[in-house]
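Novice: Below is one structure. I have some questions about it.
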Amino acid sequence: MPTANERLADLGILNQVNVLRYTQGQMDAIRKLLRQSEIDLTRRLWDANTDFARARLKDMLAAVSQYAREVERQMFGHAQENLLKFGKQQAGQAFR
């Protein structure tokens with residue numbers, strides 16, 4: 001049977017895992033929204049009936065794709081930094 005300290009340690013680790021899962025779910029949802037915007041613009045590009053409309057939508061798609069990559073890069077960098085701090089803070093509080 002685990003000791004009280006071992007049980008508390010297990011609960012702290014479980015909490016950290018749950019926070020990481022939640023955060024990953026949130027980042028996946030944002031990534032999905034960004035990808036969907038790219039898909040929608042691509043669909044509009046194929047449906048465009050003039051060269052001008054196609055060129056405009058192609059430019060928009062390139063801009064959205066670049067923006068999505070930048071947001072994703074920043075999002076993961078920010079999440080990693082903050083989750084590490086949050087995990088340390090959570091662990092510190094759990095073992096006080």
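Ordering of the structure tokens sets the chain letters (A, B, ...); residue numbers start at 1 within each chain; ligands are numbered from 1 in the order shown.
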At a cut-off of 10 Å, can you tabulate as JSON lines every residue of stretch 26-50 of chain A near stretch 64-84 of chain A together with its closest atom pair and the distance in Å to one decimal, using only C-alpha atoms and ordering rows by chain then number?

Specialist:
{"residue": "A:Met27", "atom": "CA", "partner": "A:Met75", "partner_atom": "CA", "distance": 7.5}
{"residue": "A:Asp28", "atom": "CA", "partner": "A:Glu72", "partner_atom": "CA", "distance": 9.8}
{"residue": "A:Ile30", "atom": "CA", "partner": "A:Glu72", "partner_atom": "CA", "distance": 8.5}
{"residue": "A:Arg31", "atom": "CA", "partner": "A:Glu72", "partner_atom": "CA", "distance": 6.9}
{"residue": "A:Leu33", "atom": "CA", "partner": "A:Ala68", "partner_atom": "CA", "distance": 9.4}
{"residue": "A:Leu34", "atom": "CA", "partner": "A:Ala68", "partner_atom": "CA", "distance": 5.8}
{"residue": "A:Arg35", "atom": "CA", "partner": "A:Ala68", "partner_atom": "CA", "distance": 7.6}
{"residue": "A:Ser37", "atom": "CA", "partner": "A:Val64", "partner_atom": "CA", "distance": 7.6}
{"residue": "A:Glu38", "atom": "CA", "partner": "A:Ser65", "partner_atom": "CA", "distance": 6.4}
{"residue": "A:Ile39", "atom": "CA", "partner": "A:Ser65", "partner_atom": "CA", "distance": 9.9}
{"residue": "A:Leu41", "atom": "CA", "partner": "A:Val64", "partner_atom": "CA", "distance": 8.7}

Novice: Deliver the residues from the most recent selection as a file, using N, CA and C atoms, as a compact mmCIF listing (two decimals), in the first residue's frame.

Specialist:
# COMPACT_ATOMS: atom_id res chain seq x y z
N MET A 27 -4.82 23.57 -28.04
CA MET A 27 -3.94 23.89 -29.17
C MET A 27 -4.39 23.15 -30.43
N ASP A 28 -4.84 21.92 -30.28
CA ASP A 28 -5.35 21.18 -31.44
C ASP A 28 -6.58 21.85 -32.03
N ILE A 30 -7.31 25.08 -31.95
CA ILE A 30 -6.86 26.28 -32.66
C ILE A 30 -6.24 25.90 -33.99
N ARG A 31 -5.40 24.86 -33.98
CA ARG A 31 -4.77 24.40 -35.22
C ARG A 31 -5.85 23.97 -36.23
N LEU A 33 -8.92 25.07 -36.49
CA LEU A 33 -9.57 26.27 -37.04
C LEU A 33 -8.70 26.93 -38.11
N LEU A 34 -7.41 27.01 -37.85
CA LEU A 34 -6.51 27.61 -38.84
C LEU A 34 -6.47 26.78 -40.12
N ARG A 35 -6.40 25.47 -39.97
CA ARG A 35 -6.37 24.59 -41.16
C ARG A 35 -7.68 24.68 -41.94
N SER A 37 -9.59 27.24 -42.22
CA SER A 37 -9.61 28.48 -43.01
C SER A 37 -8.81 28.31 -44.29
N GLU A 38 -7.71 27.57 -44.22
CA GLU A 38 -6.93 27.29 -45.43
C GLU A 38 -7.74 26.44 -46.41
N ILE A 39 -8.44 25.46 -45.90
CA ILE A 39 -9.26 24.60 -46.75
C ILE A 39 -10.37 25.40 -47.41
N LEU A 41 -10.45 28.63 -48.04
CA LEU A 41 -9.89 29.51 -49.08
C LEU A 41 -9.48 28.73 -50.32
